[in-house]
>>> print(open('input23.pdb').read())   # PDB, C-alpha atoms
ATOM      1  CA  MET A   1      12.870  -1.320  17.469
ATOM      2  CA  ASP A   2      13.444  -3.024  14.114
ATOM      3  CA  ARG A   3      11.206  -2.576  11.094
ATOM      4  CA  ASP A   4       9.079  -5.652  11.825
ATOM      5  CA  GLU A   5       8.468  -4.564  15.405
ATOM      6  CA  ALA A   6       7.613  -1.054  14.215
ATOM      7  CA  TYR A   7       5.229  -2.523  11.625
ATOM      8  CA  ALA A   8       3.556  -4.642  14.317
ATOM      9  CA  ALA A   9       3.189  -1.587  16.560
ATOM     10  CA  ALA A  10       1.571   0.352  13.702
ATOM     11  CA  GLU A  11      -0.769  -2.549  13.028
ATOM     12  CA  GLU A  12      -1.798  -2.547  16.705
ATOM     13  CA  LEU A  13      -2.668   1.147  16.388
ATOM     14  CA  LYS A  14      -4.748   0.402  13.298
ATOM     15  CA  ASN A  15      -6.516  -2.483  15.042
ATOM     16  CA  ALA A  16      -7.319  -0.151  17.936
ATOM     17  CA  GLY A  17      -9.056   2.187  15.489
ATOM     18  CA  LYS A  18      -6.207   4.712  15.446
ATOM     19  CA  VAL A  19      -5.700   4.592  11.689
ATOM     20  CA  GLU A  20      -4.306   8.144  11.422
ATOM     21  CA  GLU A  21      -1.656   7.314  14.013
ATOM     22  CA  ALA A  22      -0.947   3.979  12.333
ATOM     23  CA  VAL A  23      -0.312   5.711   9.009
ATOM     24  CA  ALA A  24       2.044   8.185  10.672
ATOM     25  CA  ALA A  25       3.901   5.332  12.363
ATOM     26  CA  LEU A  26       4.273   3.420   9.087
ATOM     27  CA  ASP A  27       5.392   6.549   7.259
ATOM     28  CA  ALA A  28       8.276   6.664   9.714
ATOM     29  CA  VAL A  29       9.032   2.987   9.069
ATOM     30  CA  VAL A  30       9.207   3.384   5.273
ATOM     31  CA  ALA A  31      11.299   6.537   5.618
ATOM     32  CA  LYS A  32      13.977   4.345   7.207
ATOM     33  CA  ASN A  33      13.175   1.217   5.158
ATOM     34  CA  PRO A  34      12.331   2.347   1.619
ATOM     35  CA  ASP A  35      12.234  -1.235   0.306
ATOM     36  CA  PHE A  36       9.700  -2.556   2.842
ATOM     37  CA  ALA A  37       6.910  -3.599   0.463
ATOM     38  CA  LEU A  38       4.598  -4.929   3.177
ATOM     39  CA  ALA A  39       4.555  -1.540   4.901
ATOM     40  CA  TYR A  40       3.753   0.259   1.638
ATOM     41  CA  SER A  41       0.968  -2.221   0.985
ATOM     42  CA  ALA A  42      -0.528  -1.539   4.411
ATOM     43  CA  LEU A  43      -0.183   2.208   3.867
ATOM     44  CA  ALA A  44      -2.093   1.931   0.593
ATOM     45  CA  ALA A  45      -4.916   0.041   2.287
ATOM     46  CA  TRP A  46      -5.046   2.287   5.332
ATOM     47  CA  CYS A  47      -4.978   5.484   3.259
ATOM     48  CA  THR A  48      -7.859   4.091   1.214
ATOM     49  CA  ARG A  49      -9.762   3.594   4.449
ATOM     50  CA  LEU A  50      -9.055   7.229   5.340
ATOM     51  CA  GLU A  51     -10.154   8.274   1.832
ATOM     52  CA  ARG A  52      -6.679   9.613   1.055
ATOM     53  CA  HIS A  53      -6.891   8.118  -2.390
ATOM     54  CA  GLU A  54      -3.954   9.933  -4.007
ATOM     55  CA  LYS A  55      -1.625   8.761  -1.234
ATOM     56  CA  ALA A  56      -3.043   5.240  -1.502
ATOM     57  CA  VAL A  57      -2.220   5.194  -5.215
ATOM     58  CA  GLU A  58       1.272   6.507  -4.519
ATOM     59  CA  TYR A  59       1.919   3.750  -1.980
ATOM     60  CA  ALA A  60       0.385   1.056  -4.191
ATOM     61  CA  ARG A  61       2.618   2.129  -7.084
ATOM     62  CA  ARG A  62       5.639   1.762  -4.807
ATOM     63  CA  VAL A  63       4.579  -1.799  -3.945
ATOM     64  CA  CYS A  64       4.482  -2.602  -7.670
ATOM     65  CA  GLU A  65       7.972  -1.148  -8.072
ATOM     66  CA  LEU A  66       9.246  -3.306  -5.231
ATOM     67  CA  GLU A  67       7.347  -6.458  -6.236
ATOM     68  CA  PRO A  68       6.956  -6.255 -10.028
ATOM     69  CA  ASN A  69       6.278  -9.982 -10.387
ATOM     70  CA  GLU A  70       3.541 -10.157  -7.740
ATOM     71  CA  PRO A  71       0.046 -10.148  -9.313
ATOM     72  CA  PHE A  72      -1.635  -9.088  -6.076
ATOM     73  CA  SER A  73       0.409  -5.863  -6.057
ATOM     74  CA  TYR A  74      -1.239  -4.859  -9.327
ATOM     75  CA  THR A  75      -4.679  -5.907  -8.115
ATOM     76  CA  ALA A  76      -4.221  -3.662  -5.078
ATOM     77  CA  LEU A  77      -3.004  -0.840  -7.325
ATOM     78  CA  SER A  78      -6.110  -1.303  -9.460
ATOM     79  CA  VAL A  79      -8.371  -0.937  -6.413
ATOM     80  CA  ALA A  80      -6.515   2.165  -5.203
ATOM     81  CA  CYS A  81      -6.700   3.737  -8.665
ATOM     82  CA  MET A  82     -10.390   2.935  -8.996
ATOM     83  CA  ARG A  83     -11.132   4.655  -5.690
ATOM     84  CA  ALA A  84      -9.076   7.659  -6.803
ATOM     85  CA  GLY A  85     -11.004   7.910 -10.057
ATOM     86  CA  LYS A  86      -8.013   6.852 -12.150
ATOM     87  CA  ILE A  87     -10.019   4.414 -14.241
ATOM     88  CA  ALA A  88      -7.556   3.915 -17.114
ATOM     89  CA  GLU A  89      -4.694   3.182 -14.710
ATOM     90  CA  ALA A  90      -6.964   0.884 -12.684
ATOM     91  CA  GLU A  91      -7.869  -1.107 -15.790
ATOM     92  CA  GLU A  92      -4.230  -1.304 -16.874
ATOM     93  CA  ALA A  93      -3.119  -2.569 -13.450
ATOM     94  CA  LEU A  94      -5.900  -5.151 -13.366
ATOM     95  CA  ALA A  95      -5.003  -6.368 -16.860
ATOM     96  CA  ARG A  96      -1.372  -6.721 -15.803
ATOM     97  CA  SER A  97      -2.397  -8.721 -12.743
ATOM     98  CA  ARG A  98      -4.539 -11.025 -14.865
ATOM     99  CA  MET A  99      -1.708 -11.560 -17.388
ATOM    100  CA  MET A 100       0.589 -12.636 -14.557
ATOM    101  CA  ASN A 101      -1.996 -15.077 -13.253
ATOM    102  CA  GLY A 102      -2.214 -16.691 -16.674
TER     103      GLY A 102
END
>>> encode(input="input23.pdb", output="structure tokens")
Amino acid sequence: MDRDEAYAAAEELKNAGKVEEAVAALDAVVAKNPDFALAYSALAAWCTRLERHEKAVEYARRVCELEPNEPFSYTALSVACMRAGKIAEAEEALARSRMMNG
């Protein structure tokens, strides 16, 4: 199974309400594909849903590393940081996103 198929399988788990299993499946995907930004983005969102806010921030930061010119990456990081109580980092990420959007 390639990374896209593995991602799709994890997404099916998430859609079936098996978010814990979906996160575990995607963790395995990123372990083999450390530059797979889409998977890190999904992990950030899914960990937020599971209230694993520190992990969500960690994954969202990785997305920003992989896609430094993508404003949405910083918006997502801002949301993850806000939920984790990292207000200063959330504000900084949001400001960066807004600067990129002009």
>>> atom_distance(input="input23.pdb", atom1="atom CA of A:Glu91", atom2="atom CA of A:Thr75")
9.6 Å
>>> residues_around(input="input23.pdb", residues="stretch 76-86 of chain A", least_positions_apart="4", cutoff="12 Å", atoms="only C-alpha atoms", output="number ranges by chain")
A: 40-65, 67-68, 70-72, 90-98
>>> closest_residue(input="input23.pdb", among="A:Pro34, A:Ala39, A:Ala28, A:Asn69", to="A:Glu11", atoms="all atoms listed in the file")
A:Ala39
>>> atom_distance(input="input23.pdb", atom1="atom CA of A:Met100", atom2="atom CA of A:Asp27")
29.4 Å
>>> atom_distance(input="input23.pdb", atom1="atom CA of A:Lys14", atom2="atom CA of A:Ser73")
21.0 Å
>>> axis_aligned_box(input="input23.pdb", around="stretch 36-49 of chain A", padding_each_side="3 Å", output="JSON")
{"center_x": 0.0, "center_y": 0.3, "center_z": 2.9, "size_x": 25.5, "size_y": 16.4, "size_z": 10.9}
>>> resolve_selection(input="input23.pdb", expression="the PyMOL selection byres ((chain A and resi 2-5) around 12)", output="ChimeraX atom specification")
/A:1,6-12,25-39
